[in-house]
$ cat query_37.cif   # mmCIF, C-alpha atoms and all ligand atoms
data_entry
#
loop_
_atom_site.label_atom_id
_atom_site.label_comp_id
_atom_site.auth_asym_id
_atom_site.auth_seq_id
_atom_site.Cartn_x
_atom_site.Cartn_y
_atom_site.Cartn_z
CA MET A 1 0.00 0.00 0.00
CA GLN A 2 2.79 2.40 1.04
CA LYS A 3 4.62 1.58 -2.16
CA PHE A 4 1.50 2.47 -4.10
CA ILE A 5 1.15 5.82 -2.29
CA ARG A 6 4.80 6.65 -3.00
CA PHE A 7 4.29 5.81 -6.66
CA PHE A 8 1.13 7.91 -6.78
CA LEU A 9 2.93 10.88 -5.17
CA ALA A 10 5.78 10.61 -7.65
CA ILE A 11 3.35 10.72 -10.55
CA LEU A 12 1.56 13.68 -8.99
CA ILE A 13 4.84 15.60 -8.63
CA VAL A 14 5.72 14.94 -12.26
CA ILE A 15 2.30 16.19 -13.39
CA LEU A 16 2.47 19.28 -11.17
CA THR A 17 6.01 20.13 -12.31
CA GLY A 18 4.93 19.70 -15.92
CA THR A 19 1.93 21.96 -15.38
CA VAL A 20 4.02 24.68 -13.73
CA ILE A 21 6.61 24.60 -16.53
CA TRP A 22 3.84 24.77 -19.11
CA MET A 23 2.26 27.73 -17.31
CA ILE A 24 5.60 29.57 -17.24
CA ALA A 25 5.98 28.94 -20.98
CA ALA A 26 2.45 30.25 -21.63
CA ILE A 27 3.18 33.41 -19.60
CA LYS A 28 6.43 33.94 -21.53
CA ASN A 29 4.53 33.60 -24.80
CA ASN A 30 1.96 36.14 -23.67
CA ASN A 31 4.66 38.62 -22.61
CA ALA A 32 6.41 38.21 -25.97
CA VAL A 33 3.31 39.54 -27.76
CA GLY A 34 2.70 42.48 -25.44
CA GLY A 35 0.25 40.73 -23.08
CA GLY A 36 -3.52 40.38 -23.11
CA ALA A 37 -3.59 37.66 -25.77
CA TYR A 38 -6.48 35.19 -25.91
CA ARG A 39 -7.39 32.04 -27.78
CA LEU A 40 -9.52 32.58 -30.85
CA GLN A 41 -12.88 30.85 -30.33
CA PHE A 42 -15.91 30.40 -32.55
CA TYR A 43 -18.22 32.80 -30.68
CA MET A 44 -15.78 35.73 -30.92
CA PRO A 45 -16.12 38.54 -33.48
CA GLU A 46 -12.56 37.83 -34.71
CA TYR A 47 -13.51 34.25 -35.63
CA THR A 48 -15.34 35.08 -38.88
CA PRO A 49 -12.56 37.20 -40.43
CA ALA A 50 -9.95 34.64 -39.32
CA LYS A 51 -11.83 31.79 -40.98
CA LYS A 52 -12.41 33.84 -44.10
CA MET A 53 -8.71 34.65 -44.25
CA ALA A 54 -7.75 30.98 -43.83
CA GLY A 55 -10.22 30.05 -46.58
CA ASP A 56 -8.94 32.78 -48.87
CA ILE A 57 -5.41 31.40 -48.57
CA ALA A 58 -6.73 28.36 -50.51
CA ARG A 59 -8.26 30.65 -53.13
CA MET A 60 -4.93 32.51 -53.26
CA GLY A 61 -3.34 29.29 -54.49
CA ARG A 62 -2.37 27.49 -51.29
CA PRO A 63 -5.10 24.93 -50.50
CA HIS A 64 -2.79 22.62 -48.58
CA GLU A 65 -1.62 25.31 -46.15
CA SER A 66 -5.13 26.76 -45.92
CA GLU A 67 -6.49 23.44 -44.73
CA LYS A 68 -3.79 23.15 -42.07
CA ILE A 69 -4.33 26.73 -40.88
CA MET A 70 -8.05 26.01 -40.65
CA ARG A 71 -7.22 23.02 -38.46
CA LEU A 72 -5.04 25.22 -36.21
CA ILE A 73 -8.01 27.56 -35.73
CA LEU A 74 -10.20 24.63 -34.69
CA GLU A 75 -7.50 23.31 -32.36
CA GLY A 76 -7.16 26.70 -30.64
CA LYS A 77 -3.59 27.27 -31.81
CA ILE A 78 -4.39 30.65 -33.31
CA TRP A 79 -4.50 33.44 -30.75
CA ILE A 80 -5.51 37.06 -30.89
CA ALA A 81 -3.06 39.66 -29.64
CA PRO A 82 -4.43 43.14 -28.98
CA ASN A 83 -0.97 44.64 -28.30
CA LEU A 84 1.21 43.51 -31.18
CA LYS A 85 1.97 47.12 -32.09
CA ASP A 86 3.42 47.27 -35.60
CA ARG A 87 3.09 43.59 -36.54
CA GLN A 88 0.11 41.88 -38.13
CA GLY A 89 1.04 38.51 -36.73
CA VAL A 90 3.83 36.51 -35.16
CA TYR A 91 4.73 32.94 -34.30
CA VAL A 92 5.96 32.36 -30.76
CA ALA A 93 7.21 29.13 -29.25
CA THR A 94 8.51 28.86 -25.70
CA LEU A 95 10.57 25.91 -24.47
CA GLY A 96 9.11 23.90 -27.33
CA LEU A 97 5.96 23.58 -25.20
CA VAL A 98 3.69 26.46 -26.08
CA GLN A 99 3.50 27.03 -29.81
CA ARG A 100 1.08 29.60 -31.15
CA ILE A 101 0.42 31.94 -34.00
CA TYR A 102 -0.79 35.33 -32.82
CA LEU A 103 -2.74 37.70 -35.05
CA ASP A 104 -3.27 41.37 -34.38
CA LYS A 105 -6.93 42.05 -33.56
CA GLU A 106 -7.20 45.24 -35.59
CA ALA A 107 -5.26 43.91 -38.60
CA LEU A 108 -7.76 41.07 -38.74
CA GLU A 109 -10.94 43.09 -38.21
CA SER A 110 -10.05 46.18 -40.19
CA PRO A 111 -6.93 46.08 -42.38
CA ALA A 112 -7.20 49.78 -43.23
CA ALA A 113 -7.55 50.82 -39.57
CA PHE A 114 -4.45 48.81 -38.72
CA LEU A 115 -2.46 50.70 -41.37
CA ASP A 116 -3.88 54.01 -40.15
CA ARG A 117 -2.67 53.16 -36.67
CA LEU A 118 0.85 52.79 -38.04
CA ARG A 119 0.43 55.89 -40.22
CA PHE A 120 1.89 53.67 -42.86
CA LEU A 121 0.07 54.68 -46.03
CA ASP A 122 -1.45 57.86 -47.26
CA MET A 123 -3.70 56.27 -49.84
CA PRO A 124 -7.44 55.88 -50.49
CA VAL A 125 -9.09 53.32 -48.23
CA GLU A 126 -9.55 50.73 -51.03
CA TYR A 127 -5.79 50.53 -51.52
CA LYS A 128 -5.19 50.30 -47.79
CA ASN A 129 -7.76 47.51 -47.45
CA ALA A 130 -6.19 45.55 -50.31
CA PHE A 131 -2.66 46.01 -48.98
CA GLY A 132 -3.69 45.22 -45.39
CA TYR A 133 -5.59 42.10 -46.46
CA ILE A 134 -2.88 40.72 -48.74
CA THR A 135 -0.08 41.32 -46.24
CA LEU A 136 -2.07 39.77 -43.39
CA ALA A 137 -2.57 36.67 -45.56
CA GLY A 138 1.16 36.70 -46.35
CA THR A 139 2.02 37.11 -42.66
CA LEU A 140 -0.27 34.25 -41.62
CA PHE A 141 1.31 32.13 -44.35
CA HIS A 142 4.83 33.10 -43.20
CA GLU A 143 4.09 32.38 -39.53
CA PHE A 144 2.50 29.08 -40.50
CA MET A 145 5.83 28.14 -42.15
CA HIS A 146 7.52 28.68 -38.77
CA TYR A 147 4.76 26.76 -36.99
CA SER A 148 5.34 23.81 -39.32
CA GLY A 149 8.97 23.63 -38.27
CA HIS A 150 10.71 25.94 -40.77
CA LEU A 151 12.39 28.27 -38.33
CA ASP A 152 14.82 29.58 -40.93
CA GLU A 153 13.81 33.18 -41.76
CA ALA A 154 15.25 33.09 -45.28
CA TYR A 155 13.06 30.08 -46.09
CA ALA A 156 9.90 31.64 -44.61
CA TYR A 157 10.50 34.93 -46.45
CA ASP A 158 11.14 33.14 -49.74
CA GLN A 159 7.89 31.23 -49.34
CA GLU A 160 6.03 34.45 -48.58
CA ILE A 161 7.57 36.11 -51.66
CA ARG A 162 6.46 33.19 -53.84
CA PHE A 163 3.00 33.42 -52.30
CA TYR A 164 2.64 37.03 -53.53
CA GLU A 165 4.34 36.36 -56.86
CA ASN A 166 1.87 33.61 -57.78
CA MET A 167 -1.26 35.33 -56.56
CA GLN A 168 -2.24 36.89 -59.87
CA LYS A 169 -2.75 33.37 -61.23
CA SER A 170 -5.09 32.42 -58.37
CA THR A 171 -8.90 32.18 -58.20
CA PHE A 172 -8.90 34.90 -55.56
CA TYR A 173 -7.35 37.37 -58.00
CA ILE A 174 -9.14 36.19 -61.15
CA GLU A 175 -12.55 36.63 -59.48
CA LEU A 176 -11.88 40.25 -58.49
CA SER A 177 -13.64 42.97 -60.48
CA ASN A 178 -11.52 45.14 -62.75
CA ARG A 179 -11.74 47.98 -60.29
CA GLU A 180 -10.62 45.73 -57.40
CA LYS A 181 -7.78 44.34 -59.54
CA LYS A 182 -6.39 47.85 -59.76
CA TYR A 183 -6.15 48.02 -55.94
CA TYR A 184 -4.77 44.52 -55.61
CA ASP A 185 -2.17 44.97 -58.37
CA TRP A 186 -0.79 47.91 -56.48
CA ALA A 187 -1.09 46.07 -53.12
CA LEU A 188 0.75 43.01 -54.45
CA GLU A 189 3.56 45.06 -55.92
CA SER A 190 3.91 46.97 -52.63
CA ALA A 191 3.69 43.78 -50.54
CA LEU A 192 6.49 42.26 -52.60
CA LYS A 193 8.68 45.32 -52.15
CA SER A 194 8.10 45.45 -48.42
CA VAL A 195 8.69 41.73 -47.83
CA GLN A 196 11.87 41.87 -49.89
CA LYS A 197 13.05 44.77 -47.77
CA ALA A 198 12.16 42.93 -44.56
CA ARG A 199 14.04 39.86 -45.79
CA GLU A 200 17.09 41.96 -46.58
CA MET A 201 17.04 43.59 -43.16
CA GLU A 202 16.62 40.32 -41.29
CA VAL A 203 18.67 37.83 -43.25
CA GLY A 204 20.68 39.83 -45.80
CA LYS A 205 20.65 39.40 -49.54
ZN ZN B 1 9.63 34.86 -39.72
#

$ encode --input "query_37.cif" --output "structure tokens"
Amino acid sequence: MQKFIRFFLAILIVILTGTVIWMIAAIKNNNAVGGGAYRLQFYMPEYTPAKKMAGDIARMGRPHESEKIMRLILEGKIWIAPNLKDRQGVYVATLGLVQRIYLDKEALESPAAFLDRLRFLDMPVEYKNAFGYITLAGTLFHEFMHYSGHLDEAYAYDQEIRFYENMQKSTFYIELSNREKKYYDWALESALKSVQKAREMEVGK
């Protein structure tokens, strides 16, 4: 009996230690994104735009990744960060235990408002919406690369660049009206320039 109790206590200690370490990792993750982050759940207002974005990634030519991102949403691995500041999204992993993709609340709900917050573009709202939407899709795609184990920045940036480069061949683009195509052509060209610049700054040429 005593042997059994000792065994039970040992198991309990292992579980408790594991839980505490996991909690520390979760807190570290939350701090890394400016705090206040929460799991995206189906009843939240951010859920609809997040699902639409994940679905659009398939229409943008990446059905395989879209399906996996959709699964991450259902599994609660996509979180909303209200304090990401100048980033639309980021992948954070602590101690290999807590792995999450965080999306900026405003970037998701209102791409133009997010850009206004950064005072990034002085353009008509249609251009800002197109640029904000495309780059959020690109960011989610990039962070998903990290989530899937590609931690190398050069690789993730190259994938993101290819994502933009091929978009004009996709259903998403083809089904846009001529007027919308004008906004998206400009947005894609600008997204490519800005991701190439970011790649250069982070990993060199
Ligand atoms: Zn990255």

$ closest_atom_pairs --input "query_37.cif" --of "chain A" --to "ligand ZN 1 (chain B)" --cutoff "12 Å" --atoms "only C-alpha atoms and all ligand atoms" --output "JSON lines"
{"residue": "A:Arg87", "atom": "CA", "partner": "B:ZN1", "partner_atom": "ZN", "distance": 11.4}
{"residue": "A:Gln88", "atom": "CA", "partner": "B:ZN1", "partner_atom": "ZN", "distance": 11.9}
{"residue": "A:Gly89", "atom": "CA", "partner": "B:ZN1", "partner_atom": "ZN", "distance": 9.8}
{"residue": "A:Val90", "atom": "CA", "partner": "B:ZN1", "partner_atom": "ZN", "distance": 7.6}
{"residue": "A:Tyr91", "atom": "CA", "partner": "B:ZN1", "partner_atom": "ZN", "distance": 7.6}
{"residue": "A:Val92", "atom": "CA", "partner": "B:ZN1", "partner_atom": "ZN", "distance": 10.0}
{"residue": "A:Ile101", "atom": "CA", "partner": "B:ZN1", "partner_atom": "ZN", "distance": 11.2}
{"residue": "A:Gly138", "atom": "CA", "partner": "B:ZN1", "partner_atom": "ZN", "distance": 10.9}
{"residue": "A:Thr139", "atom": "CA", "partner": "B:ZN1", "partner_atom": "ZN", "distance": 8.5}
{"residue": "A:Leu140", "atom": "CA", "partner": "B:ZN1", "partner_atom": "ZN", "distance": 10.1}
{"residue": "A:Phe141", "atom": "CA", "partner": "B:ZN1", "partner_atom": "ZN", "distance": 9.9}
{"residue": "A:His142", "atom": "CA", "partner": "B:ZN1", "partner_atom": "ZN", "distance": 6.2}
{"residue": "A:Glu143", "atom": "CA", "partner": "B:ZN1", "partner_atom": "ZN", "distance": 6.1}
{"residue": "A:Phe144", "atom": "CA", "partner": "B:ZN1", "partner_atom": "ZN", "distance": 9.2}
{"residue": "A:Met145", "atom": "CA", "partner": "B:ZN1", "partner_atom": "ZN", "distance": 8.1}
{"residue": "A:His146", "atom": "CA", "partner": "B:ZN1", "partner_atom": "ZN", "distance": 6.6}
{"residue": "A:Tyr147", "atom": "CA", "partner": "B:ZN1", "partner_atom": "ZN", "distance": 9.8}
{"residue": "A:Ser148", "atom": "CA", "partner": "B:ZN1", "partner_atom": "ZN", "distance": 11.9}
{"residue": "A:Gly149", "atom": "CA", "partner": "B:ZN1", "partner_atom": "ZN", "distance": 11.3}
{"residue": "A:His150", "atom": "CA", "partner": "B:ZN1", "partner_atom": "ZN", "distance": 9.0}
{"residue": "A:Leu151", "atom": "CA", "partner": "B:ZN1", "partner_atom": "ZN", "distance": 7.3}
{"residue": "A:Asp152", "atom": "CA", "partner": "B:ZN1", "partner_atom": "ZN", "distance": 7.5}
{"residue": "A:Glu153", "atom": "CA", "partner": "B:ZN1", "partner_atom": "ZN", "distance": 4.9}
{"residue": "A:Ala154", "atom": "CA", "partner": "B:ZN1", "partner_atom": "ZN", "distance": 8.1}
{"residue": "A:Tyr155", "atom": "CA", "partner": "B:ZN1", "partner_atom": "ZN", "distance": 8.7}
{"residue": "A:Ala156", "atom": "CA", "partner": "B:ZN1", "partner_atom": "ZN", "distance": 5.9}
{"residue": "A:Tyr157", "atom": "CA", "partner": "B:ZN1", "partner_atom": "ZN", "distance": 6.8}
{"residue": "A:Asp158", "atom": "CA", "partner": "B:ZN1", "partner_atom": "ZN", "distance": 10.3}
{"residue": "A:Gln159", "atom": "CA", "partner": "B:ZN1", "partner_atom": "ZN", "distance": 10.4}
{"residue": "A:Glu160", "atom": "CA", "partner": "B:ZN1", "partner_atom": "ZN", "distance": 9.6}
{"residue": "A:Val195", "atom": "CA", "partner": "B:ZN1", "partner_atom": "ZN", "distance": 10.7}
{"residue": "A:Ala198", "atom": "CA", "partner": "B:ZN1", "partner_atom": "ZN", "distance": 9.7}
{"residue": "A:Arg199", "atom": "CA", "partner": "B:ZN1", "partner_atom": "ZN", "distance": 9.0}
{"residue": "A:Met201", "atom": "CA", "partner": "B:ZN1", "partner_atom": "ZN", "distance": 12.0}
{"residue": "A:Glu202", "atom": "CA", "partner": "B:ZN1", "partner_atom": "ZN", "distance": 9.0}
{"residue": "A:Val203", "atom": "CA", "partner": "B:ZN1", "partner_atom": "ZN", "distance": 10.1}

$ atom_distance --input "query_37.cif" --atom1 "atom CA of Glu165 of chain A" --atom2 "atom CA of Ser194 of chain A"
13.0 Å

$ closest_residue --input "query_37.cif" --among "A:Met60, A:Ala50, A:Leu95, A:Met44" --to "Ile21 of chain A" --atoms "all atoms listed in the file"
A:Leu95

$ residues_around --input "query_37.cif" --residues "segment 64-70 of chain A" --least-positions-apart "2" --cutoff "7 Å" --atoms "all atoms listed in the file" --output "NGL selection string"
:A and (51 or 54-55 or 57-58 or 62 or 72-74)

$ closest_residue --input "query_37.cif" --among "A:Leu84, A:Ile11, A:Leu103, A:Ile5" --to "Tyr47 of chain A" --atoms "all atoms listed in the file"
A:Leu103

$ residues_around --input "query_37.cif" --residues "Ala113 of chain A" --least-positions-apart "4" --cutoff "12 Å" --atoms "only C-alpha atoms" --output "PyMOL selection string"
chain A and resi 88+104-109+117-121+125-126+128-129+131-133

$ closest_residue --input "query_37.cif" --among "A:Ile134, A:Ala32, A:Leu16, A:Ile174" --to "Tyr102 of chain A" --atoms "only C-alpha atoms"
A:Ala32

$ closest_residue --input "query_37.cif" --among "A:Met167, A:Ile80, A:Ala112, A:Leu12" --to "Pro124 of chain A" --atoms "all atoms listed in the file"
A:Ala112

$ atom_distance --input "query_37.cif" --atom1 "atom CA of Phe42 of chain A" --atom2 "atom CA of Ser110 of chain A"
18.5 Å

$ residues_around --input "query_37.cif" --residues "Ala37 of chain A" --least-positions-apart "5" --cutoff "7 Å" --atoms "all atoms listed in the file" --output "PyMOL selection string"
chain A and resi 30+79-82

$ atom_distance --input "query_37.cif" --atom1 "atom CA of Ala130 of chain A" --atom2 "atom CA of Arg71 of chain A"
25.5 Å

$ closest_residue --input "query_37.cif" --among "A:Gly36, A:Glu46, A:Lys197, A:Tyr127" --to "Glu180 of chain A" --atoms "all atoms listed in the file"
A:Tyr127

$ build_atoms --input "query_37.cif" --residues "segment 113-137 of chain A" --atoms "N, CA and C atoms" --output "tab-separated table (two decimals), in the frame of the given file"
chain	number	residue	atom	x	y	z
A	113	ALA	N	-7.73	50.18	-40.88
A	113	ALA	CA	-7.55	50.82	-39.57
A	113	ALA	C	-6.19	50.46	-38.98
A	114	PHE	N	-5.77	49.23	-39.21
A	114	PHE	CA	-4.45	48.81	-38.72
A	114	PHE	C	-3.36	49.67	-39.35
A	115	LEU	N	-3.46	49.89	-40.67
A	115	LEU	CA	-2.46	50.70	-41.37
A	115	LEU	C	-2.53	52.15	-40.94
A	116	ASP	N	-3.73	52.64	-40.64
A	116	ASP	CA	-3.88	54.01	-40.15
A	116	ASP	C	-3.18	54.17	-38.81
A	117	ARG	N	-3.30	53.13	-37.99
A	117	ARG	CA	-2.67	53.16	-36.67
A	117	ARG	C	-1.16	53.33	-36.80
A	118	LEU	N	-0.59	52.70	-37.82
A	118	LEU	CA	0.85	52.79	-38.04
A	118	LEU	C	1.23	54.05	-38.82
A	119	ARG	N	0.21	54.75	-39.31
A	119	ARG	CA	0.43	55.89	-40.22
A	119	ARG	C	1.33	55.46	-41.36
A	120	PHE	N	1.00	54.32	-41.90
A	120	PHE	CA	1.89	53.67	-42.86
A	120	PHE	C	1.64	54.13	-44.29
A	121	LEU	N	0.39	54.39	-44.63
A	121	LEU	CA	0.07	54.68	-46.03
A	121	LEU	C	-0.86	55.87	-46.13
A	122	ASP	N	-0.53	56.76	-47.02
A	122	ASP	CA	-1.45	57.86	-47.26
A	122	ASP	C	-2.10	57.61	-48.61
A	123	MET	N	-3.07	56.73	-48.59
A	123	MET	CA	-3.70	56.27	-49.84
A	123	MET	C	-5.20	56.16	-49.62
A	124	PRO	N	-6.00	56.12	-50.67
A	124	PRO	CA	-7.44	55.88	-50.49
A	124	PRO	C	-7.68	54.53	-49.80
A	125	VAL	N	-8.80	54.47	-49.09
A	125	VAL	CA	-9.09	53.32	-48.23
A	125	VAL	C	-9.08	51.98	-48.99
A	126	GLU	N	-9.51	51.98	-50.25
A	126	GLU	CA	-9.55	50.73	-51.03
A	126	GLU	C	-8.14	50.14	-51.19
A	127	TYR	N	-7.17	51.00	-51.39
A	127	TYR	CA	-5.79	50.53	-51.52
A	127	TYR	C	-5.28	50.00	-50.18
A	128	LYS	N	-5.64	50.73	-49.12
A	128	LYS	CA	-5.19	50.30	-47.79
A	128	LYS	C	-5.82	48.95	-47.43
A	129	ASN	N	-7.10	48.78	-47.74
A	129	ASN	CA	-7.76	47.51	-47.45
A	129	ASN	C	-7.09	46.36	-48.22
A	130	ALA	N	-6.82	46.60	-49.50
A	130	ALA	CA	-6.19	45.55	-50.31
A	130	ALA	C	-4.80	45.22	-49.77
A	131	PHE	N	-4.02	46.24	-49.48
A	131	PHE	CA	-2.66	46.01	-48.98
A	131	PHE	C	-2.69	45.32	-47.61
A	132	GLY	N	-3.58	45.80	-46.73
A	132	GLY	CA	-3.69	45.22	-45.39
A	132	GLY	C	-4.13	43.76	-45.45
A	133	TYR	N	-5.05	43.47	-46.37
A	133	TYR	CA	-5.59	42.10	-46.46
A	133	TYR	C	-4.54	41.13	-47.01
A	134	ILE	N	-3.89	41.56	-48.10
A	134	ILE	CA	-2.88	40.72	-48.74
A	134	ILE	C	-1.70	40.45	-47.80
A	135	THR	N	-1.25	41.50	-47.10
A	135	THR	CA	-0.08	41.32	-46.24
A	135	THR	C	-0.43	40.52	-44.97
A	136	LEU	N	-1.69	40.61	-44.53
A	136	LEU	CA	-2.07	39.77	-43.39
A	136	LEU	C	-2.09	38.30	-43.82
A	137	ALA	N	-2.59	38.05	-45.04
A	137	ALA	CA	-2.57	36.67	-45.56
A	137	ALA	C	-1.12	36.19	-45.67
